[in-house]
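Colleague: Here you go, this is coords08.cif (mmCIF, C-alpha atoms).
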data_model
loop_
_atom_site.label_atom_id
_atom_site.label_comp_id
_atom_site.auth_asym_id
_atom_site.auth_seq_id
_atom_site.Cartn_x
_atom_site.Cartn_y
_atom_site.Cartn_z
CA MET A 1 -35.28 58.30 13.16
CA VAL A 2 -35.90 60.13 9.92
CA ASP A 3 -33.75 59.19 6.91
CA ASN A 4 -32.86 62.44 5.12
CA THR A 5 -30.81 60.69 2.41
CA PRO A 6 -32.03 61.91 -0.99
CA ALA A 7 -33.88 59.26 -2.94
CA VAL A 8 -32.02 57.82 -5.92
CA PRO A 9 -34.14 57.51 -9.09
CA GLY A 10 -34.84 53.94 -10.17
CA SER A 11 -32.87 54.13 -13.41
CA GLU A 12 -29.86 55.65 -11.65
CA LEU A 13 -30.07 53.02 -8.90
CA ALA A 14 -30.03 50.27 -11.53
CA GLU A 15 -26.94 51.82 -13.11
CA LEU A 16 -25.22 52.01 -9.72
CA ARG A 17 -26.01 48.37 -9.04
CA GLN A 18 -24.54 47.43 -12.40
CA ALA A 19 -21.42 49.47 -11.65
CA THR A 20 -21.15 47.78 -8.24
CA ALA A 21 -21.33 44.35 -9.89
CA GLU A 22 -18.57 45.35 -12.30
CA PHE A 23 -16.37 46.62 -9.47
CA LEU A 24 -16.91 43.38 -7.56
CA LYS A 25 -15.92 41.40 -10.64
CA ALA A 26 -12.81 43.53 -11.09
CA SER A 27 -11.71 42.70 -7.53
CA LYS A 28 -10.38 39.39 -8.80
CA ALA A 29 -8.33 38.52 -11.87
CA ASP A 30 -10.10 37.08 -14.93
CA ALA A 31 -8.24 33.79 -14.47
CA THR A 32 -9.59 33.53 -10.91
CA HIS A 33 -13.14 34.14 -12.12
CA ARG A 34 -12.79 31.41 -14.75
CA ALA A 35 -11.36 28.97 -12.21
CA TYR A 36 -14.09 29.74 -9.67
CA ALA A 37 -16.80 29.33 -12.30
CA ALA A 38 -15.50 25.89 -13.26
CA ASP A 39 -15.16 24.90 -9.61
CA TRP A 40 -18.69 26.03 -8.81
CA LYS A 41 -20.05 24.12 -11.80
CA ASP A 42 -18.43 20.95 -10.44
CA PHE A 43 -19.96 21.53 -7.00
CA GLU A 44 -23.38 22.16 -8.56
CA ALA A 45 -23.14 18.90 -10.52
CA TRP A 46 -22.12 16.98 -7.41
CA CYS A 47 -25.03 18.42 -5.43
CA ALA A 48 -27.47 17.66 -8.26
CA PHE A 49 -26.27 14.06 -8.46
CA HIS A 50 -26.81 13.60 -4.71
CA ARG A 51 -30.03 15.67 -4.71
CA LEU A 52 -28.62 18.30 -2.37
CA VAL A 53 -29.14 22.06 -2.27
CA CYS A 54 -26.02 23.87 -3.42
CA LEU A 55 -27.03 27.45 -2.60
CA PRO A 56 -27.07 27.81 0.29
CA ALA A 57 -25.17 24.61 1.01
CA SER A 58 -24.91 23.17 4.48
CA PRO A 59 -21.42 22.98 6.02
CA GLU A 60 -21.83 19.22 6.39
CA ASN A 61 -22.47 18.75 2.66
CA VAL A 62 -19.52 20.96 1.75
CA ALA A 63 -17.27 18.90 4.02
CA VAL A 64 -18.50 15.68 2.40
CA TYR A 65 -17.91 17.16 -1.06
CA LEU A 66 -14.34 18.10 -0.20
CA SER A 67 -13.78 14.61 1.19
CA SER A 68 -15.06 13.12 -2.06
CA LEU A 69 -12.51 15.17 -3.95
CA ALA A 70 -9.73 13.94 -1.69
CA THR A 71 -10.71 10.28 -2.06
CA THR A 72 -10.80 10.54 -5.85
CA GLY A 73 -7.24 11.81 -6.15
CA ARG A 74 -7.65 15.60 -6.39
CA LYS A 75 -4.71 17.71 -5.26
CA VAL A 76 -4.82 19.70 -2.05
CA SER A 77 -4.43 22.93 -4.04
CA THR A 78 -7.50 22.02 -6.14
CA ILE A 79 -9.55 21.18 -3.05
CA ARG A 80 -8.66 24.48 -1.41
CA ARG A 81 -9.60 26.40 -4.54
CA ARG A 82 -12.95 24.58 -4.76
CA CYS A 83 -13.61 25.55 -1.16
CA ALA A 84 -12.73 29.18 -1.95
CA ALA A 85 -15.08 29.12 -4.94
CA ILE A 86 -17.94 27.83 -2.81
CA ALA A 87 -17.29 30.63 -0.32
CA HIS A 88 -17.14 33.20 -3.13
CA PHE A 89 -20.48 32.24 -4.68
CA HIS A 90 -22.23 32.11 -1.31
CA ARG A 91 -21.04 35.56 -0.33
CA ALA A 92 -21.92 36.94 -3.77
CA ALA A 93 -25.47 35.65 -3.29
CA GLY A 94 -25.72 37.20 0.18
CA TYR A 95 -25.31 34.01 2.19
CA GLU A 96 -22.87 33.20 4.95
CA SER A 97 -20.01 31.08 3.67
CA PRO A 98 -20.22 27.42 4.75
CA ALA A 99 -16.46 27.25 4.18
CA SER A 100 -16.00 29.32 7.35
CA HIS A 101 -17.66 26.64 9.48
CA THR A 102 -15.36 24.91 11.97
CA GLY A 103 -16.20 21.47 10.56
CA VAL A 104 -15.33 22.46 6.98
CA ARG A 105 -12.09 24.10 8.05
CA ALA A 106 -11.14 21.04 10.10
CA THR A 107 -11.91 18.75 7.15
CA THR A 108 -9.73 20.85 4.84
CA ALA A 109 -6.90 20.83 7.37
CA GLY A 110 -7.19 17.05 7.77
CA ILE A 111 -7.06 16.55 4.01
CA ALA A 112 -3.95 18.71 3.74
CA ARG A 113 -2.28 16.83 6.61
CA LYS A 114 -3.08 13.40 5.19
CA LEU A 115 -2.39 14.08 1.53
CA GLY A 116 0.39 16.62 1.97
CA SER A 117 0.21 20.12 0.60
CA ALA A 118 3.68 20.72 -0.80
CA PRO A 119 3.25 22.31 -4.25
CA GLU A 120 4.45 20.40 -7.28
CA LYS A 121 7.08 22.69 -8.75
CA LYS A 122 8.08 22.57 -12.39
CA ALA A 123 11.72 22.62 -13.37
CA ALA A 124 13.49 25.91 -14.00
CA LEU A 125 14.57 26.50 -17.60
CA THR A 126 17.99 27.95 -16.81
CA ALA A 127 20.14 30.12 -19.07
CA GLU A 128 22.22 27.14 -20.18
CA MET A 129 19.13 25.09 -21.00
CA LEU A 130 17.44 27.98 -22.76
CA GLU A 131 20.50 28.62 -24.91
CA ARG A 132 20.34 24.98 -25.98
CA VAL A 133 16.60 25.22 -26.65
CA VAL A 134 16.69 28.35 -28.84
CA LYS A 135 19.48 26.93 -30.99
CA LYS A 136 17.07 24.19 -32.07
CA ILE A 137 14.27 26.57 -33.07
CA PRO A 138 13.98 27.07 -36.85
CA ALA A 139 13.93 30.55 -38.37
CA ASP A 140 10.38 30.37 -39.80
CA LEU A 141 7.75 32.82 -38.54
CA THR A 142 6.49 30.54 -35.77
CA GLY A 143 10.06 29.87 -34.74
CA LEU A 144 10.89 33.58 -34.59
CA ARG A 145 7.86 34.17 -32.39
CA ASP A 146 8.66 31.28 -30.07
CA ARG A 147 12.31 32.32 -29.74
CA ALA A 148 11.29 35.89 -28.87
CA LEU A 149 8.62 34.68 -26.43
CA LEU A 150 10.96 32.32 -24.59
CA LEU A 151 13.80 34.83 -24.38
CA LEU A 152 11.65 37.81 -23.35
CA GLY A 153 9.79 35.72 -20.77
CA PHE A 154 13.12 34.59 -19.37
CA GLY A 155 14.93 37.94 -19.57
CA GLY A 156 12.08 39.79 -17.89
CA ALA A 157 11.35 36.99 -15.36
CA LEU A 158 7.76 37.43 -16.53
CA ARG A 159 4.66 35.59 -15.51
CA ARG A 160 2.64 34.04 -18.35
CA SER A 161 -0.10 36.65 -18.08
CA GLU A 162 2.46 39.47 -18.11
CA LEU A 163 4.20 38.03 -21.16
CA VAL A 164 1.14 37.56 -23.38
CA GLY A 165 -0.35 40.84 -22.12
CA LEU A 166 2.47 42.92 -23.59
CA ASP A 167 1.72 45.40 -26.39
CA VAL A 168 4.22 47.12 -28.66
CA ALA A 169 3.61 50.35 -26.76
CA ASP A 170 4.82 48.67 -23.56
CA VAL A 171 8.40 48.35 -24.85
CA ALA A 172 10.62 51.43 -24.78
CA ARG A 173 14.08 51.59 -26.36
CA HIS A 174 17.22 52.36 -24.40
CA PRO A 175 20.87 52.47 -25.56
CA LYS A 176 21.60 49.47 -23.33
CA GLY A 177 18.50 47.45 -24.21
CA ILE A 178 14.76 47.81 -23.64
CA VAL A 179 12.52 48.87 -20.80
CA VAL A 180 9.33 46.82 -20.53
CA ALA A 181 6.25 48.26 -18.81
CA ILE A 182 4.12 45.71 -16.98
CA ARG A 183 0.69 47.32 -16.76
CA ARG A 184 -0.87 44.73 -14.45
CA SER A 185 0.34 41.56 -12.78
CA LYS A 186 -0.66 38.91 -10.24
CA THR A 187 0.66 41.01 -7.37
CA ASP A 188 -0.50 44.31 -8.86
CA GLN A 189 -4.21 43.91 -9.58
CA ALA A 190 -4.73 47.64 -9.00
CA GLY A 191 -2.65 48.36 -12.09
CA ALA A 192 0.01 50.58 -10.50
CA GLY A 193 2.49 49.18 -13.02
CA LYS A 194 6.16 48.25 -12.99
CA THR A 195 9.05 48.56 -15.42
CA LYS A 196 11.76 46.02 -16.14
CA ALA A 197 15.07 46.74 -17.83
CA ILE A 198 16.39 44.02 -20.13
CA PRO A 199 19.89 44.50 -21.61
CA HIS A 200 20.84 43.58 -25.17
CA GLY A 201 22.99 40.75 -23.84
CA LYS A 202 25.84 38.85 -25.44
CA ARG A 203 24.62 35.24 -25.23
CA LEU A 204 20.85 35.02 -25.39
CA LYS A 205 20.28 38.42 -27.06
CA VAL A 206 16.68 39.02 -26.01
CA VAL A 207 16.25 42.35 -27.80
CA ALA A 208 17.55 41.03 -31.13
CA ALA A 209 15.12 38.10 -30.96
CA LEU A 210 12.20 40.42 -30.20
CA ASP A 211 13.12 42.71 -33.11
CA ALA A 212 13.46 39.79 -35.51
CA TRP A 213 9.97 38.55 -34.64
CA THR A 214 8.14 41.89 -34.83
CA ALA A 215 9.90 42.84 -38.09
CA ALA A 216 9.13 39.51 -39.79
CA ALA A 217 5.52 39.58 -38.58
CA GLY A 218 5.02 43.25 -39.46
CA ILE A 219 3.86 44.08 -35.94
CA THR A 220 3.97 47.81 -35.21
CA ALA A 221 1.12 48.12 -32.72
CA GLY A 222 -1.10 46.00 -30.53
CA PRO A 223 -0.25 42.62 -29.01
CA ILE A 224 3.36 41.49 -29.39
CA PHE A 225 2.72 37.77 -29.17
CA ARG A 226 0.04 36.42 -31.50
CA GLY A 227 -1.01 33.30 -33.28
CA VAL A 228 0.64 32.42 -36.58
CA ARG A 229 -1.02 30.90 -39.62
CA GLY A 230 1.43 29.87 -42.31
CA SER A 231 3.57 32.90 -43.07
CA ARG A 232 1.18 35.42 -41.51
CA ALA A 233 0.79 36.69 -37.95
CA LEU A 234 -2.81 36.84 -36.76
CA ASP A 235 -4.42 39.73 -34.89
CA ALA A 236 -5.43 37.74 -31.80
CA ARG A 237 -3.26 37.79 -28.71
CA LEU A 238 -1.86 34.45 -27.47
CA GLY A 239 -3.47 32.98 -24.37
CA THR A 240 -1.58 32.12 -21.19
CA ASN A 241 -1.92 28.37 -21.79
CA GLU A 242 -0.09 28.70 -25.10
CA VAL A 243 3.06 29.82 -23.25
CA ALA A 244 3.29 26.45 -21.51
CA ARG A 245 2.71 24.60 -24.77
CA ILE A 246 5.51 26.53 -26.48
CA VAL A 247 7.90 25.90 -23.59
CA LYS A 248 7.16 22.18 -23.60
CA ARG A 249 7.30 21.82 -27.38
CA ARG A 250 10.60 23.65 -27.77
CA ALA A 251 12.15 21.92 -24.74
CA GLN A 252 11.28 18.54 -26.20
CA ALA A 253 12.79 19.50 -29.56
CA ALA A 254 16.04 20.22 -27.71
CA GLY A 255 16.06 16.80 -26.07
CA LEU A 256 14.68 17.89 -22.69
CA ASP A 257 11.79 16.21 -20.87
CA PRO A 258 8.72 18.37 -21.63
CA LYS A 259 6.80 17.03 -18.64
CA VAL A 260 8.98 18.82 -16.10
CA PHE A 261 8.62 22.26 -17.69
CA ALA A 262 5.76 24.76 -17.83
CA GLY A 263 5.16 28.43 -18.53
CA HIS A 264 6.55 29.34 -15.10
CA SER A 265 9.85 27.64 -15.99
CA LEU A 266 11.01 30.82 -17.78
CA ARG A 267 10.51 33.01 -14.72
CA SER A 268 12.01 30.48 -12.30
CA GLY A 269 14.82 29.86 -14.78
CA PHE A 270 15.91 33.49 -14.68
CA ILE A 271 15.76 33.62 -10.89
CA THR A 272 17.74 30.38 -10.56
CA SER A 273 20.32 31.48 -13.13
CA ALA A 274 20.71 34.90 -11.49
CA ALA A 275 21.26 33.27 -8.10
CA ASP A 276 23.76 30.83 -9.54
CA ALA A 277 25.64 33.75 -11.11
CA GLY A 278 25.94 35.43 -7.73
CA ALA A 279 23.36 38.20 -8.15
CA SER A 280 22.15 39.82 -4.93
CA LEU A 281 18.92 38.62 -3.37
CA GLN A 282 17.53 42.17 -3.43
CA GLY A 283 18.39 42.58 -7.11
CA ILE A 284 16.71 39.31 -8.04
CA ALA A 285 13.63 40.14 -5.98
CA SER A 286 13.36 43.58 -7.58
CA HIS A 287 13.55 42.23 -11.13
CA ALA A 288 11.15 39.38 -10.42
CA GLY A 289 8.69 41.72 -8.69
CA HIS A 290 8.63 39.80 -5.42
CA GLU A 291 7.18 41.79 -2.56
CA LYS A 292 8.90 39.60 0.05
CA LEU A 293 12.46 38.30 0.04
CA ASP A 294 11.16 35.01 1.45
CA THR A 295 9.50 34.38 -1.91
CA THR A 296 12.77 34.91 -3.72
CA MET A 297 14.59 32.67 -1.25
CA GLY A 298 12.25 29.84 -2.18
CA TYR A 299 13.72 29.94 -5.69
CA VAL A 300 17.37 30.59 -4.95
CA GLN A 301 18.02 28.31 -1.98
CA VAL A 302 18.96 25.36 -4.21
CA ALA A 303 21.49 27.41 -6.17
CA ASP A 304 22.89 28.80 -2.92
CA ALA A 305 23.12 25.31 -1.42
CA PHE A 306 25.35 24.12 -4.24
CA ARG A 307 27.45 27.29 -4.47
CA ASP A 308 28.16 27.36 -0.73
CA HIS A 309 28.15 23.60 -0.16
CA SER A 310 30.38 22.57 2.73
CA GLY A 311 31.77 19.66 0.77
CA ARG A 312 32.52 21.47 -2.49
CA LYS A 313 36.31 21.23 -1.98
CA PHE A 314 36.51 17.51 -1.35
CA LEU A 315 33.42 15.69 -2.66
#
Represent the structure from my file as structure tokens, please.

Modeller:
Amino acid sequence: MVDNTPAVPGSELAELRQATAEFLKASKADATHRAYAADWKDFEAWCAFHRLVCLPASPENVAVYLSSLATTGRKVSTIRRRCAAIAHFHRAAGYESPASHTGVRATTAGIARKLGSAPEKKAALTAEMLERVVKKIPADLTGLRDRALLLLGFGGALRRSELVGLDVADVARHPKGIVVAIRRSKTDQAGAGKTKAIPHGKRLKVVAALDAWTAAAGITAGPIFRGVRGSRALDARLGTNEVARIVKRRAQAAGLDPKVFAGHSLRSGFITSAADAGASLQGIASHAGHEKLDTTMGYVQVADAFRDHSGRKFL
């Protein structure tokens, strides 16, 4: 059979291959790439120590590696991610994934059954807790930033990446508050975008806190949340890990246990508070950006259990 496909010049083919590599990289979030790279590095080191070939790796060796992780105290979630990273790098190199082998899958399932795979959830920073936290934050530049970050993260039920990814241009004014444009999120890697309305409020006053921070820092364009040095805001955008540090530090200053909180506590705090206040499940899911109501139910079932408790009238 004659191939009548026009030949692609060498230089153009090289450019297409480069573009393909970039598209493949864009198929996963940057955080996933970083996590996979670290996981693969650990697997490479393990294979080198035991004088084993890591690419391509045999299913038996991958199963033994995963078992070694389990016996040294690694979480089930970590083990599953390591397995996914091994699969990713094998496929990227053109090899069949050893993680798809029946023996590897059975080993992973056995680890999950024996160790348990229930996720360790951090505590929700509810509206009442957050009000207590922000009252303890001083009015210096760092304090103004942290207050705005905590309140906006809570009011928008934002993920850490969404919060630190915000630019000034993403916030539009409205007589009743602000409308925040989320350009890209965990569940929207294609960048279709979503908007979230946040009212001025009477208790937490998210918009006032945001205005106080940007005015004091002189921020009129670019990233909203940045590092602070002395009395000056830096140009660099805060990283996602810094959100958790701020939450923990400010929670501790308010007398709360910092170990039970994380960056996600702002998002879960809004959802929990909204459920406790009687907001509809659909309304909560829409604001949080949940594609399935089951996801929202995982957050609100505790609040519902207390509000509708059968013994509330006599216990």

Colleague: With 10 Å as the cut-off and only C-alpha atoms counted, what is the closest atom pair between each nearby residue of segment 51-151 of chain A and segment 36-42 of chain A? Distances in Å to one decimal, ordered by chain and number, as JSON lines.

Modeller:
{"residue": "A:Cys54", "atom": "CA", "partner": "A:Trp40", "partner_atom": "CA", "distance": 9.4}
{"residue": "A:Thr78", "atom": "CA", "partner": "A:Asp39", "partner_atom": "CA", "distance": 8.9}
{"residue": "A:Ile79", "atom": "CA", "partner": "A:Asp39", "partner_atom": "CA", "distance": 9.4}
{"residue": "A:Arg81", "atom": "CA", "partner": "A:Tyr36", "partner_atom": "CA", "distance": 7.6}
{"residue": "A:Arg82", "atom": "CA", "partner": "A:Asp39", "partner_atom": "CA", "distance": 5.3}
{"residue": "A:Cys83", "atom": "CA", "partner": "A:Asp39", "partner_atom": "CA", "distance": 8.6}
{"residue": "A:Ala84", "atom": "CA", "partner": "A:Tyr36", "partner_atom": "CA", "distance": 7.9}
{"residue": "A:Ala85", "atom": "CA", "partner": "A:Tyr36", "partner_atom": "CA", "distance": 4.9}
{"residue": "A:Ile86", "atom": "CA", "partner": "A:Trp40", "partner_atom": "CA", "distance": 6.3}
{"residue": "A:Ala87", "atom": "CA", "partner": "A:Trp40", "partner_atom": "CA", "distance": 9.8}
{"residue": "A:His88", "atom": "CA", "partner": "A:Tyr36", "partner_atom": "CA", "distance": 8.0}
{"residue": "A:Phe89", "atom": "CA", "partner": "A:Trp40", "partner_atom": "CA", "distance": 7.7}

Colleague: Find the distance between atom CA of Val243 of chain A and atom CA of Glu291 of chain A and write it in Å to one decimal.

Modeller: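 Between atom CA of Val243 of chain A and atom CA of Glu291 of chain A the gap is 24.3 Å.
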
Colleague: Translate the PyMOL selection byres ((chain A and resi 166-180) around 6) into a concrete residue list for this structure, as a PyMOL selection string.

Modeller: chain A and resi 163-165+181+195-200+221-224

Colleague: Could you tell me which residues the PyMOL selection byres ((chain A and resi 131-138) around 9) grabs in this file, written as a PyMOL selection string?

Modeller: chain A and resi 126-130+139-144+146-147+150-151+203-204+250-256

Colleague: Pull out every residue that the PyMOL selection byres ((chain A and resi 214) around 10) matches in the shown coordinates and put them as a PyMOL selection string.

Modeller: chain A and resi 141+144-145+148+168+209-213+215-221+224-225+233

Colleague: Keeping only C-alpha atoms, write the selected residues to a file as an mmCIF file, in the coordinates of the input.

Modeller:
data_model
loop_
_atom_site.group_PDB
_atom_site.id
_atom_site.type_symbol
_atom_site.label_atom_id
_atom_site.label_comp_id
_atom_site.auth_asym_id
_atom_site.auth_seq_id
_atom_site.Cartn_x
_atom_site.Cartn_y
_atom_site.Cartn_z
ATOM 1 C CA LEU A 141 7.750 32.820 -38.540
ATOM 2 C CA LEU A 144 10.890 33.580 -34.590
ATOM 3 C CA ARG A 145 7.860 34.170 -32.390
ATOM 4 C CA ALA A 148 11.290 35.890 -28.870
ATOM 5 C CA VAL A 168 4.220 47.120 -28.660
ATOM 6 C CA ALA A 209 15.120 38.100 -30.960
ATOM 7 C CA LEU A 210 12.200 40.420 -30.200
ATOM 8 C CA ASP A 211 13.120 42.710 -33.110
ATOM 9 C CA ALA A 212 13.460 39.790 -35.510
ATOM 10 C CA TRP A 213 9.970 38.550 -34.640
ATOM 11 C CA ALA A 215 9.900 42.840 -38.090
ATOM 12 C CA ALA A 216 9.130 39.510 -39.790
ATOM 13 C CA ALA A 217 5.520 39.580 -38.580
ATOM 14 C CA GLY A 218 5.020 43.250 -39.460
ATOM 15 C CA ILE A 219 3.860 44.080 -35.940
ATOM 16 C CA THR A 220 3.970 47.810 -35.210
ATOM 17 C CA ALA A 221 1.120 48.120 -32.720
ATOM 18 C CA ILE A 224 3.360 41.490 -29.390
ATOM 19 C CA PHE A 225 2.720 37.770 -29.170
ATOM 20 C CA ALA A 233 0.790 36.690 -37.950
#
